[in-house]
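Have a look at data10.cif; it's mmCIF, C-alpha atoms:
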```cif
data_my_file
#
loop_
_atom_site.label_atom_id
_atom_site.label_comp_id
_atom_site.auth_asym_id
_atom_site.auth_seq_id
_atom_site.Cartn_x
_atom_site.Cartn_y
_atom_site.Cartn_z
CA MET A 110 12.24 -10.88 -16.65
CA THR A 111 13.19 -14.54 -16.61
CA LEU A 112 11.82 -16.65 -13.76
CA PHE A 113 14.36 -18.94 -12.10
CA PHE A 114 13.82 -21.76 -9.61
CA GLU A 115 14.26 -19.27 -6.74
CA ASP A 116 11.34 -17.19 -8.04
CA LEU A 117 8.85 -20.06 -7.75
CA SER A 118 7.09 -20.74 -4.43
CA VAL A 119 4.77 -23.46 -3.19
CA GLY A 120 1.22 -22.21 -3.57
CA ASP A 121 1.91 -19.96 -6.56
CA GLU A 122 -1.01 -20.09 -9.00
CA GLN A 123 -1.29 -19.13 -12.65
CA THR A 124 -4.09 -19.03 -15.21
CA SER A 125 -3.38 -19.24 -18.94
CA GLY A 126 -5.01 -17.70 -21.95
CA GLU A 127 -7.49 -19.67 -24.07
CA TYR A 128 -7.25 -22.30 -26.83
CA GLU A 129 -10.24 -22.96 -29.09
CA VAL A 130 -10.61 -26.58 -30.15
CA THR A 131 -11.69 -27.11 -33.76
CA GLU A 132 -12.95 -30.20 -35.56
CA ALA A 133 -10.32 -29.68 -38.26
CA GLU A 134 -7.48 -29.70 -35.74
CA ILE A 135 -8.87 -32.73 -33.87
CA ILE A 136 -8.88 -34.67 -37.15
CA GLU A 137 -5.46 -33.39 -38.27
CA PHE A 138 -3.82 -34.41 -34.97
CA ALA A 139 -5.57 -37.80 -35.03
CA GLU A 140 -4.49 -38.54 -38.62
CA GLN A 141 -0.87 -38.07 -37.59
CA TYR A 142 -0.73 -39.46 -34.04
CA ASP A 143 -3.91 -41.25 -32.97
CA PRO A 144 -5.96 -42.54 -35.92
CA GLN A 145 -8.76 -44.16 -33.93
CA TRP A 146 -12.21 -43.72 -35.48
CA PHE A 147 -13.72 -41.73 -32.60
CA HIS A 148 -11.05 -39.06 -33.19
CA LEU A 149 -11.40 -39.11 -37.00
CA ASP A 150 -14.93 -39.81 -38.16
CA ALA A 151 -17.54 -37.36 -36.83
CA ASP A 152 -20.52 -39.22 -38.32
CA ARG A 153 -19.54 -42.63 -36.99
CA ALA A 154 -18.64 -41.10 -33.62
CA ALA A 155 -22.09 -39.49 -33.40
CA ASP A 156 -23.79 -42.82 -34.20
CA GLU A 157 -21.64 -45.41 -32.45
CA SER A 158 -19.31 -43.90 -29.85
CA MET A 159 -20.10 -43.92 -26.13
CA TYR A 160 -19.06 -40.24 -26.21
CA GLY A 161 -21.86 -39.31 -28.64
CA GLY A 162 -19.60 -37.44 -31.06
CA LEU A 163 -16.09 -36.67 -32.19
CA ILE A 164 -13.59 -36.17 -29.34
CA ALA A 165 -9.98 -35.02 -29.27
CA SER A 166 -7.15 -37.51 -28.83
CA GLY A 167 -6.00 -37.53 -25.22
CA PHE A 168 -2.48 -36.54 -26.20
CA HIS A 169 -3.93 -33.76 -28.35
CA THR A 170 -5.59 -32.36 -25.22
CA ALA A 171 -2.29 -32.73 -23.37
CA SER A 172 -0.49 -30.94 -26.22
CA MET A 173 -2.98 -28.06 -26.37
CA SER A 174 -2.58 -27.70 -22.60
CA MET A 175 1.19 -27.63 -23.07
CA ARG A 176 0.84 -24.80 -25.57
CA LEU A 177 -1.19 -22.80 -23.03
CA LEU A 178 1.49 -23.47 -20.38
CA VAL A 179 4.31 -22.32 -22.65
CA ASP A 180 2.54 -19.12 -23.71
CA SER A 181 1.41 -18.12 -20.23
CA PHE A 182 4.32 -19.22 -18.07
CA LEU A 183 7.17 -21.38 -19.35
CA ASP A 184 8.20 -18.91 -22.06
CA ASP A 185 9.20 -16.45 -19.31
CA ALA A 186 11.00 -19.04 -17.21
CA ALA A 187 14.42 -20.69 -17.25
CA THR A 188 12.87 -24.09 -17.89
CA LEU A 189 15.14 -27.04 -18.58
CA GLY A 190 12.40 -29.43 -19.69
CA ALA A 191 10.27 -31.85 -17.71
CA LYS A 192 11.21 -35.18 -16.13
CA GLY A 193 7.71 -36.54 -16.37
CA VAL A 194 4.10 -36.39 -15.31
CA ASP A 195 2.16 -38.19 -12.58
CA ARG A 196 -1.57 -38.92 -12.36
CA LEU A 197 -2.49 -37.67 -15.83
CA ARG A 198 -6.27 -38.00 -16.23
CA TRP A 199 -8.67 -37.33 -19.08
CA GLN A 200 -11.74 -36.55 -16.95
CA LYS A 201 -14.14 -35.48 -19.70
CA PRO A 202 -14.16 -35.64 -23.49
CA VAL A 203 -12.86 -32.56 -25.31
CA ARG A 204 -15.04 -31.65 -28.29
CA PRO A 205 -15.00 -29.26 -31.23
CA GLY A 206 -15.95 -25.77 -30.05
CA ASP A 207 -14.59 -26.20 -26.51
CA VAL A 208 -12.43 -23.30 -25.35
CA LEU A 209 -9.70 -24.50 -23.01
CA SER A 210 -7.64 -22.73 -20.38
CA VAL A 211 -5.14 -24.07 -17.87
CA ARG A 212 -4.68 -23.40 -14.15
CA THR A 213 -1.44 -24.35 -12.43
CA GLU A 214 -0.46 -24.49 -8.79
CA ILE A 215 3.00 -25.25 -7.44
CA LEU A 216 2.78 -28.14 -4.96
CA GLU A 217 6.43 -28.81 -4.10
CA ARG A 218 9.89 -27.58 -5.00
CA GLU A 219 13.20 -29.33 -4.48
CA ILE A 220 16.81 -28.42 -5.18
CA GLU A 221 18.35 -31.10 -7.37
CA THR A 222 21.87 -29.87 -8.14
CA ASP A 223 23.85 -26.62 -7.89
CA ARG A 224 22.39 -25.69 -11.24
CA ARG A 225 18.77 -26.75 -11.13
CA GLY A 226 15.69 -27.54 -9.09
CA VAL A 227 12.50 -29.51 -9.76
CA VAL A 228 8.99 -28.22 -9.25
CA ARG A 229 5.89 -30.41 -8.86
CA ALA A 230 2.94 -28.50 -10.25
CA LYS A 231 -0.75 -29.40 -10.51
CA VAL A 232 -2.10 -28.61 -13.97
CA GLU A 233 -5.85 -28.49 -14.64
CA THR A 234 -7.36 -27.81 -18.05
CA GLU A 235 -10.95 -26.61 -18.05
CA THR A 236 -13.62 -25.42 -20.43
CA ARG A 237 -15.28 -21.99 -20.21
CA ASN A 238 -18.04 -23.35 -17.99
CA GLY A 239 -15.41 -24.42 -15.44
CA GLU A 240 -15.50 -28.16 -16.06
CA VAL A 241 -12.09 -29.77 -15.60
CA VAL A 242 -11.47 -31.97 -18.66
CA PHE A 243 -7.81 -32.85 -18.09
CA SER A 244 -5.34 -32.79 -15.23
CA MET A 245 -1.82 -33.89 -14.42
CA ILE A 246 1.03 -33.28 -12.01
CA GLY A 247 4.07 -32.08 -13.92
CA LEU A 248 7.68 -32.50 -12.74
CA VAL A 249 9.44 -29.56 -14.34
CA MET A 250 13.12 -28.59 -14.05
CA PHE A 251 14.18 -24.94 -13.70
CA ALA A 252 17.64 -23.41 -13.70
CA ARG A 253 18.86 -21.90 -10.42
CA ARG A 254 19.90 -18.27 -10.32
CA ASN A 255 23.57 -19.10 -9.75
CA ASP A 256 25.64 -17.45 -12.36
CA MET B 546 -10.40 -60.15 -35.50
CA THR B 547 -11.29 -57.54 -32.90
CA LEU B 548 -9.74 -57.96 -29.46
CA PHE B 549 -12.13 -57.48 -26.55
CA PHE B 550 -11.39 -57.11 -22.85
CA GLU B 551 -11.73 -60.88 -22.45
CA ASP B 552 -8.93 -61.45 -24.97
CA LEU B 553 -6.37 -59.52 -22.92
CA SER B 554 -4.41 -61.25 -20.14
CA VAL B 555 -1.98 -60.10 -17.52
CA GLY B 556 1.54 -60.65 -18.84
CA ASP B 557 0.63 -60.26 -22.53
CA GLU B 558 3.41 -58.45 -24.37
CA GLN B 559 3.48 -56.62 -27.70
CA THR B 560 6.12 -54.89 -29.77
CA SER B 561 5.21 -52.20 -32.29
CA GLY B 562 6.64 -51.21 -35.63
CA GLU B 563 9.04 -48.28 -35.96
CA TYR B 564 8.71 -44.47 -36.16
CA GLU B 565 11.57 -42.39 -37.49
CA VAL B 566 11.97 -39.02 -35.81
CA THR B 567 12.87 -36.14 -38.14
CA GLU B 568 14.09 -32.63 -37.38
CA ALA B 569 11.31 -31.20 -39.56
CA GLU B 570 8.61 -32.98 -37.55
CA ILE B 571 10.17 -32.03 -34.19
CA ILE B 572 10.04 -28.38 -35.24
CA GLU B 573 6.55 -28.61 -36.74
CA PHE B 574 5.11 -30.15 -33.56
CA ALA B 575 6.93 -27.61 -31.38
CA GLU B 576 5.66 -24.65 -33.42
CA GLN B 577 2.10 -25.77 -32.80
CA TYR B 578 2.18 -27.19 -29.28
CA ASP B 579 5.44 -26.56 -27.42
CA PRO B 580 7.37 -23.55 -28.81
CA GLN B 581 10.31 -23.67 -26.41
CA TRP B 582 13.66 -22.86 -28.01
CA PHE B 583 15.29 -26.24 -27.36
CA HIS B 584 12.53 -27.84 -29.49
CA LEU B 585 12.67 -25.19 -32.24
CA ASP B 586 16.15 -23.80 -32.79
CA ALA B 587 18.77 -26.43 -33.65
CA ASP B 588 21.70 -24.00 -33.62
CA ARG B 589 20.87 -22.44 -30.28
CA ALA B 590 20.12 -25.89 -28.81
CA ALA B 591 23.54 -27.12 -29.95
CA ASP B 592 25.26 -24.13 -28.33
CA GLU B 593 23.26 -23.49 -25.16
CA SER B 594 21.03 -26.41 -24.20
CA MET B 595 22.04 -28.93 -21.53
CA TYR B 596 20.91 -31.58 -24.04
CA GLY B 597 23.56 -30.52 -26.59
CA GLY B 598 21.14 -30.30 -29.52
CA LEU B 599 17.54 -30.17 -30.67
CA ILE B 600 15.19 -32.53 -28.81
CA ALA B 601 11.57 -33.49 -29.35
CA SER B 602 8.84 -32.03 -27.16
CA GLY B 603 7.88 -34.53 -24.48
CA PHE B 604 4.28 -34.65 -25.66
CA HIS B 605 5.55 -35.18 -29.21
CA THR B 606 7.36 -38.30 -27.99
CA ALA B 607 4.17 -39.36 -26.21
CA SER B 608 2.18 -38.75 -29.40
CA MET B 609 4.60 -40.70 -31.62
CA SER B 610 4.39 -43.55 -29.11
CA MET B 611 0.61 -43.36 -29.29
CA ARG B 612 0.76 -43.71 -33.08
CA LEU B 613 2.87 -46.85 -32.71
CA LEU B 614 0.37 -48.24 -30.18
CA VAL B 615 -2.59 -47.58 -32.46
CA ASP B 616 -0.97 -49.15 -35.53
CA SER B 617 0.33 -52.23 -33.73
CA PHE B 618 -2.42 -52.96 -31.26
CA LEU B 619 -5.29 -50.57 -30.54
CA ASP B 620 -6.52 -50.53 -34.14
CA ASP B 621 -7.44 -54.22 -33.78
CA ALA B 622 -9.05 -53.82 -30.39
CA ALA B 623 -12.42 -52.67 -29.10
CA THR B 624 -10.83 -49.73 -27.31
CA LEU B 625 -13.08 -47.17 -25.68
CA GLY B 626 -10.38 -44.60 -24.98
CA ALA B 627 -8.08 -44.15 -22.00
CA LYS B 628 -8.84 -42.83 -18.53
CA GLY B 629 -5.33 -41.59 -17.97
CA VAL B 630 -1.68 -42.36 -17.49
CA ASP B 631 0.45 -42.88 -14.39
CA ARG B 632 4.20 -42.41 -13.94
CA LEU B 633 4.89 -40.93 -17.35
CA ARG B 634 8.66 -40.33 -17.61
CA TRP B 635 10.87 -38.82 -20.29
CA GLN B 636 14.03 -40.78 -19.45
CA LYS B 637 16.24 -39.62 -22.31
CA PRO B 638 16.08 -36.91 -24.95
CA VAL B 639 14.61 -37.93 -28.32
CA ARG B 640 16.61 -36.51 -31.22
CA PRO B 641 16.35 -36.24 -35.01
CA GLY B 642 17.28 -39.57 -36.58
CA ASP B 643 16.14 -41.69 -33.63
CA VAL B 644 13.98 -44.64 -34.67
CA LEU B 645 11.42 -45.44 -31.99
CA SER B 646 9.47 -48.56 -31.18
CA VAL B 647 7.13 -49.37 -28.31
CA ARG B 648 6.86 -52.40 -26.05
CA THR B 649 3.75 -52.98 -23.96
CA GLU B 650 2.98 -55.39 -21.17
CA ILE B 651 -0.38 -55.83 -19.48
CA LEU B 652 0.04 -55.42 -15.71
CA GLU B 653 -3.56 -55.59 -14.44
CA ARG B 654 -7.10 -55.93 -15.72
CA GLU B 655 -10.32 -55.09 -13.96
CA ILE B 656 -13.98 -55.34 -14.91
CA GLU B 657 -15.58 -51.92 -14.56
CA THR B 658 -19.16 -52.37 -15.77
CA ASP B 659 -21.21 -54.94 -17.71
CA ARG B 660 -19.96 -53.31 -20.86
CA ARG B 661 -16.30 -52.54 -20.25
CA GLY B 662 -13.09 -53.29 -18.41
CA VAL B 663 -9.91 -51.34 -17.72
CA VAL B 664 -6.41 -52.56 -18.43
CA ARG B 665 -3.25 -51.15 -16.82
CA ALA B 666 -0.41 -51.54 -19.29
CA LYS B 667 3.27 -50.63 -19.07
CA VAL B 668 4.41 -48.81 -22.20
CA GLU B 669 8.11 -48.36 -22.97
CA THR B 670 9.42 -46.49 -25.99
CA GLU B 671 12.97 -47.28 -27.02
CA THR B 672 15.49 -46.46 -29.70
CA ARG B 673 17.07 -49.07 -31.98
CA ASN B 674 19.98 -49.53 -29.58
CA GLY B 675 17.53 -50.56 -26.86
CA GLU B 676 17.67 -47.39 -24.75
CA VAL B 677 14.32 -46.62 -23.14
CA VAL B 678 13.58 -42.95 -23.83
CA PHE B 679 9.98 -42.78 -22.58
CA SER B 680 7.67 -44.84 -20.41
CA MET B 681 4.23 -44.66 -18.88
CA ILE B 682 1.50 -46.82 -17.41
CA GLY B 683 -1.66 -46.46 -19.45
CA LEU B 684 -5.18 -47.03 -18.11
CA VAL B 685 -7.10 -48.11 -21.18
CA MET B 686 -10.79 -49.09 -21.44
CA PHE B 687 -11.90 -52.00 -23.62
CA ALA B 688 -15.40 -53.19 -24.47
CA ARG B 689 -16.46 -56.56 -23.05
CA ARG B 690 -17.61 -59.30 -25.41
CA ASN B 691 -21.21 -59.17 -24.26
CA ASP B 692 -23.42 -58.65 -27.24
#
```

Output the file's structure as structure tokens, nothing else.
Amino acid sequence: MTLFFEDLSVGDEQTSGEYEVTEAEIIEFAEQYDPQWFHLDADRAADESMYGGLIASGFHTASMSMRLLVDSFLDDAATLGAKGVDRLRWQKPVRPGDVLSVRTEILEREIETDRRGVVRAKVETETRNGEVVFSMIGLVMFARRND
Amino acid sequence: MTLFFEDLSVGDEQTSGEYEVTEAEIIEFAEQYDPQWFHLDADRAADESMYGGLIASGFHTASMSMRLLVDSFLDDAATLGAKGVDRLRWQKPVRPGDVLSVRTEILEREIETDRRGVVRAKVETETRNGEVVFSMIGLVMFARRND
């Protein structure tokens, strides 16, 4: 069953599956999109970084969170893409071995045109011990159940 | 020469090099991090999507912009990572063949501790014809020139 804008209510909550972060993937993402040494070089990061070890690129964490959102929610919805994100924060470093999951809560919904509405949703990514490592407020468009 | 917090002033502007967006990379990123059909299936996107063709995942655009920022600026700076991003917006779809570049402007700077400061910087990603496709305000930490 496809979820349309009309099926989404303020207060609705969702929890995703899990995503295991590996050192190999942290390095692979960083080589392509964020080649800073504390995302690439585990030895130097352990010795010199204020984080005490290799950490994932911030946009890698955002991208892994996106994958969890698609698999748990957006894949079943008539999504039309997102307009943007507010208050994106990398609260804690994400490290090899962390297992991430995402909680979402719908904060607001607004009809935009005859064909679509926009939902503001809080997104929080946490590790298995419940520490929030990443959060943002997404502005996501959904088709209306018109036709 | 490494740029420290003290070397960065409000009003400083930078322009990056270029990043060419390919269909293959749009699909590869989407398969891993954002497997929605309008990022994966060029034929279906041409027929059914409101964008009229395949478009890059929003976090792919953010990640390509990050690569441009690292190569043009952050690689030469004593960056300590970013705290977050405000007002991230995907203004226009990014499509295969687009050639992106990034302009940055420092909006604010604030000393945070003896060892580091935070810079608020406007980041705008545009195509060769000068259309802004993506923007955000980054909150980036830099080491102070103390030691």

Item to check | Residue with smallest distance to chain B - pool A:Glu129, A:Asp185, A:Asp152, A:Asp195, counting all atoms listed in the file | outcome: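 Checking each of A:Glu129, A:Asp185, A:Asp152, A:Asp195 against chain B, counting all atoms listed in the file, the winner is A:Asp195.
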
Checklist entry - Which one is closest to Asp659 in chain B: B:Leu599, B:Ala688, B:Ala575, B:Leu553? Count all atoms listed in the file. => result B:Ala688

Checklist entry - Would you list which chain B residues are within 8 Å of chain A using all atoms listed in the file, as a ChimeraX atom specification? => result /B:577-581,595,603-605,607-609,611-612,615,620,625,627-636

Please, could you write that set of residues out with C-alpha atoms as a PDB file, in the coordinates of the input?
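This went into part34.pdb:
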```
ATOM      1  CA  GLN B 577       2.100 -25.770 -32.800  1.00  0.00           C
ATOM      2  CA  TYR B 578       2.180 -27.190 -29.280  1.00  0.00           C
ATOM      3  CA  ASP B 579       5.440 -26.560 -27.420  1.00  0.00           C
ATOM      4  CA  PRO B 580       7.370 -23.550 -28.810  1.00  0.00           C
ATOM      5  CA  GLN B 581      10.310 -23.670 -26.410  1.00  0.00           C
ATOM      6  CA  MET B 595      22.040 -28.930 -21.530  1.00  0.00           C
ATOM      7  CA  GLY B 603       7.880 -34.530 -24.480  1.00  0.00           C
ATOM      8  CA  PHE B 604       4.280 -34.650 -25.660  1.00  0.00           C
ATOM      9  CA  HIS B 605       5.550 -35.180 -29.210  1.00  0.00           C
ATOM     10  CA  ALA B 607       4.170 -39.360 -26.210  1.00  0.00           C
ATOM     11  CA  SER B 608       2.180 -38.750 -29.400  1.00  0.00           C
ATOM     12  CA  MET B 609       4.600 -40.700 -31.620  1.00  0.00           C
ATOM     13  CA  MET B 611       0.610 -43.360 -29.290  1.00  0.00           C
ATOM     14  CA  ARG B 612       0.760 -43.710 -33.080  1.00  0.00           C
ATOM     15  CA  VAL B 615      -2.590 -47.580 -32.460  1.00  0.00           C
ATOM     16  CA  ASP B 620      -6.520 -50.530 -34.140  1.00  0.00           C
ATOM     17  CA  LEU B 625     -13.080 -47.170 -25.680  1.00  0.00           C
ATOM     18  CA  ALA B 627      -8.080 -44.150 -22.000  1.00  0.00           C
ATOM     19  CA  LYS B 628      -8.840 -42.830 -18.530  1.00  0.00           C
ATOM     20  CA  GLY B 629      -5.330 -41.590 -17.970  1.00  0.00           C
ATOM     21  CA  VAL B 630      -1.680 -42.360 -17.490  1.00  0.00           C
ATOM     22  CA  ASP B 631       0.450 -42.880 -14.390  1.00  0.00           C
ATOM     23  CA  ARG B 632       4.200 -42.410 -13.940  1.00  0.00           C
ATOM     24  CA  LEU B 633       4.890 -40.930 -17.350  1.00  0.00           C
ATOM     25  CA  ARG B 634       8.660 -40.330 -17.610  1.00  0.00           C
ATOM     26  CA  TRP B 635      10.870 -38.820 -20.290  1.00  0.00           C
ATOM     27  CA  GLN B 636      14.030 -40.780 -19.450  1.00  0.00           C
TER      28      GLN B 636
END
```

Item to check | Point-to-point distance from CA of Ile600 in chain B to CA of Val644 in chain B, Å rounded to tenths | outcome: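 Spanning CA of Ile600 in chain B to CA of Val644 in chain B is a straight-line distance of 13.5 Å.
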
Overlay target chain A, mobile chain B, all C-alpha paired in order, as a compact mmCIF listing (two decimals) with C-alpha atoms, in the frame of the given file:
```
# COMPACT_ATOMS: atom_id res chain seq x y z
CA MET B 546 12.20 -10.91 -16.67
CA THR B 547 13.17 -14.57 -16.62
CA LEU B 548 11.82 -16.65 -13.75
CA PHE B 549 14.36 -18.94 -12.09
CA PHE B 550 13.81 -21.76 -9.62
CA GLU B 551 14.26 -19.29 -6.76
CA ASP B 552 11.34 -17.21 -8.05
CA LEU B 553 8.85 -20.07 -7.74
CA SER B 554 7.08 -20.76 -4.43
CA VAL B 555 4.78 -23.45 -3.18
CA GLY B 556 1.20 -22.22 -3.57
CA ASP B 557 1.90 -19.95 -6.57
CA GLU B 558 -1.01 -20.07 -9.00
CA GLN B 559 -1.31 -19.13 -12.66
CA THR B 560 -4.09 -19.03 -15.21
CA SER B 561 -3.38 -19.24 -18.93
CA GLY B 562 -5.01 -17.70 -21.96
CA GLU B 563 -7.49 -19.66 -24.07
CA TYR B 564 -7.25 -22.29 -26.85
CA GLU B 565 -10.22 -22.96 -29.08
CA VAL B 566 -10.60 -26.57 -30.15
CA THR B 567 -11.69 -27.09 -33.77
CA GLU B 568 -12.94 -30.19 -35.55
CA ALA B 569 -10.32 -29.68 -38.27
CA GLU B 570 -7.47 -29.70 -35.74
CA ILE B 571 -8.87 -32.73 -33.86
CA ILE B 572 -8.87 -34.67 -37.13
CA GLU B 573 -5.47 -33.39 -38.25
CA PHE B 574 -3.82 -34.42 -34.97
CA ALA B 575 -5.57 -37.80 -35.02
CA GLU B 576 -4.48 -38.53 -38.60
CA GLN B 577 -0.87 -38.06 -37.58
CA TYR B 578 -0.73 -39.44 -34.05
CA ASP B 579 -3.89 -41.25 -32.95
CA PRO B 580 -5.96 -42.53 -35.92
CA GLN B 581 -8.76 -44.15 -33.93
CA TRP B 582 -12.21 -43.72 -35.46
CA PHE B 583 -13.73 -41.74 -32.59
CA HIS B 584 -11.06 -39.05 -33.19
CA LEU B 585 -11.40 -39.10 -36.99
CA ASP B 586 -14.94 -39.81 -38.16
CA ALA B 587 -17.54 -37.37 -36.84
CA ASP B 588 -20.52 -39.22 -38.32
CA ARG B 589 -19.54 -42.63 -37.01
CA ALA B 590 -18.64 -41.11 -33.62
CA ALA B 591 -22.09 -39.50 -33.41
CA ASP B 592 -23.78 -42.83 -34.19
CA GLU B 593 -21.62 -45.42 -32.44
CA SER B 594 -19.28 -43.91 -29.86
CA MET B 595 -20.09 -43.92 -26.14
CA TYR B 596 -19.04 -40.25 -26.21
CA GLY B 597 -21.85 -39.33 -28.64
CA GLY B 598 -19.60 -37.43 -31.05
CA LEU B 599 -16.07 -36.66 -32.18
CA ILE B 600 -13.57 -36.16 -29.34
CA ALA B 601 -9.97 -35.01 -29.27
CA SER B 602 -7.15 -37.52 -28.83
CA GLY B 603 -6.00 -37.51 -25.22
CA PHE B 604 -2.46 -36.54 -26.19
CA HIS B 605 -3.91 -33.75 -28.34
CA THR B 606 -5.59 -32.35 -25.21
CA ALA B 607 -2.28 -32.73 -23.37
CA SER B 608 -0.48 -30.94 -26.21
CA MET B 609 -2.98 -28.06 -26.36
CA SER B 610 -2.57 -27.70 -22.59
CA MET B 611 1.19 -27.63 -23.06
CA ARG B 612 0.84 -24.78 -25.57
CA LEU B 613 -1.18 -22.79 -23.03
CA LEU B 614 1.48 -23.46 -20.38
CA VAL B 615 4.30 -22.31 -22.65
CA ASP B 616 2.55 -19.10 -23.71
CA SER B 617 1.41 -18.12 -20.22
CA PHE B 618 4.31 -19.22 -18.08
CA LEU B 619 7.16 -21.39 -19.35
CA ASP B 620 8.19 -18.93 -22.06
CA ASP B 621 9.21 -16.47 -19.32
CA ALA B 622 10.99 -19.05 -17.22
CA ALA B 623 14.41 -20.69 -17.26
CA THR B 624 12.85 -24.09 -17.88
CA LEU B 625 15.13 -27.03 -18.58
CA GLY B 626 12.42 -29.44 -19.68
CA ALA B 627 10.28 -31.86 -17.70
CA LYS B 628 11.20 -35.18 -16.12
CA GLY B 629 7.70 -36.54 -16.38
CA VAL B 630 4.10 -36.39 -15.30
CA ASP B 631 2.15 -38.18 -12.58
CA ARG B 632 -1.57 -38.92 -12.37
CA LEU B 633 -2.48 -37.67 -15.82
CA ARG B 634 -6.27 -38.01 -16.21
CA TRP B 635 -8.66 -37.32 -19.07
CA GLN B 636 -11.72 -36.54 -16.95
CA LYS B 637 -14.11 -35.48 -19.70
CA PRO B 638 -14.16 -35.64 -23.48
CA VAL B 639 -12.85 -32.55 -25.31
CA ARG B 640 -15.04 -31.64 -28.28
CA PRO B 641 -14.99 -29.24 -31.23
CA GLY B 642 -15.93 -25.76 -30.04
CA ASP B 643 -14.59 -26.21 -26.51
CA VAL B 644 -12.43 -23.30 -25.36
CA LEU B 645 -9.71 -24.50 -23.01
CA SER B 646 -7.65 -22.74 -20.39
CA VAL B 647 -5.14 -24.07 -17.88
CA ARG B 648 -4.68 -23.40 -14.17
CA THR B 649 -1.45 -24.34 -12.43
CA GLU B 650 -0.48 -24.48 -8.79
CA ILE B 651 2.98 -25.25 -7.45
CA LEU B 652 2.76 -28.14 -4.97
CA GLU B 653 6.43 -28.81 -4.12
CA ARG B 654 9.90 -27.60 -5.01
CA GLU B 655 13.19 -29.35 -4.49
CA ILE B 656 16.80 -28.44 -5.20
CA GLU B 657 18.34 -31.13 -7.38
CA THR B 658 21.86 -29.90 -8.15
CA ASP B 659 23.85 -26.65 -7.91
CA ARG B 660 22.40 -25.71 -11.24
CA ARG B 661 18.76 -26.77 -11.13
CA GLY B 662 15.67 -27.55 -9.10
CA VAL B 663 12.49 -29.51 -9.76
CA VAL B 664 8.99 -28.22 -9.25
CA ARG B 665 5.89 -30.41 -8.88
CA ALA B 666 2.93 -28.50 -10.25
CA LYS B 667 -0.75 -29.39 -10.51
CA VAL B 668 -2.10 -28.60 -13.97
CA GLU B 669 -5.85 -28.48 -14.63
CA THR B 670 -7.36 -27.80 -18.04
CA GLU B 671 -10.94 -26.60 -18.05
CA THR B 672 -13.62 -25.42 -20.42
CA ARG B 673 -15.27 -21.99 -20.20
CA ASN B 674 -18.03 -23.36 -17.99
CA GLY B 675 -15.42 -24.42 -15.44
CA GLU B 676 -15.51 -28.18 -16.07
CA VAL B 677 -12.09 -29.77 -15.61
CA VAL B 678 -11.47 -31.95 -18.67
CA PHE B 679 -7.81 -32.85 -18.07
CA SER B 680 -5.34 -32.79 -15.21
CA MET B 681 -1.83 -33.89 -14.41
CA ILE B 682 1.02 -33.27 -12.01
CA GLY B 683 4.06 -32.06 -13.91
CA LEU B 684 7.66 -32.49 -12.74
CA VAL B 685 9.43 -29.56 -14.34
CA MET B 686 13.12 -28.58 -14.06
CA PHE B 687 14.17 -24.95 -13.71
CA ALA B 688 17.64 -23.42 -13.70
CA ARG B 689 18.85 -21.92 -10.42
CA ARG B 690 19.93 -18.28 -10.32
CA ASN B 691 23.58 -19.08 -9.77
CA ASP B 692 25.62 -17.37 -12.41
```

Next on the checklist: Would you compute the distance between CA of Lys667 in chain B and CA of Asp552 in chain B? Give it in Å to one decimal.
Outcome noted: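 These atoms are spaced 17.3 Å apart.
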
Item to check | Contacts of Leu652 in chain B within 8 Å, only C-alpha atoms, excl. fewer than 4 positions in-chain, as a PyMOL selection string | outcome: chain B and resi 555-556+664-667

Checklist entry - Counting only C-alpha atoms, what is within 8 Å of Asp121 in chain A, bar same-chain residues fewer than 3 positions away, as an NGL selection string? => result :A and (117-118 or 214-215)

Go ahead and save the picked residues with C-alpha atoms, as a PDB file, keeping the file's coordinate frame.
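Contents of selection18.pdb, freshly written:
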```pdb
ATOM      1  CA  LEU A 117       8.850 -20.060  -7.750  1.00  0.00           C
ATOM      2  CA  SER A 118       7.090 -20.740  -4.430  1.00  0.00           C
ATOM      3  CA  GLU A 214      -0.460 -24.490  -8.790  1.00  0.00           C
ATOM      4  CA  ILE A 215       3.000 -25.250  -7.440  1.00  0.00           C
TER       5      ILE A 215
END
```

Checklist entry - So how far away is CA of Arg589 in chain B from CA of Gly675 in chain B, in Å? => result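 For CA of Gly675 in chain B relative to CA of Arg589 in chain B, the distance reads 28.5 Å.
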
Checklist entry - Using only C-alpha atoms, which residue out of A:Glu137, A:Asp207, A:Glu115, A:Asp156 lies closest to Arg237 in chain A? => result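 Selected residue with least distance to Arg237 in chain A: A:Asp207.
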
Listed atoms of range 233-245 of chain A, axis-aligned box, 3 Å per side: centre and edge lengths to one decimal in Å, as AutoDock Vina command-line options?
```
--center_x -9.9 --center_y -27.9 --center_z -17.4 --size_x 22.2 --size_y 17.9 --size_z 12.0
```

Checklist entry - Could you name the residues that touch Thr111 in chain A at 7 Å or less, counting all atoms listed in the file, but leaving out those on the same chain fewer than 2 positions away, as a ChimeraX atom specification? => result /A:113,185-187

Checklist entry - Can you tell me, as a PyMOL selection string, which residues sit within 9 Å of (-4.8, -24.7, -17.4) in the file's frame, using only C-alpha atoms? => result chain A and resi 123-127+174-175+177-178+209-213+232-235+243-244

Checklist entry - For the file shown, what are the residues hit by the PyMOL selection byres ((chain A and resi 132) around 9), laid out as a count of residues only? => result 14
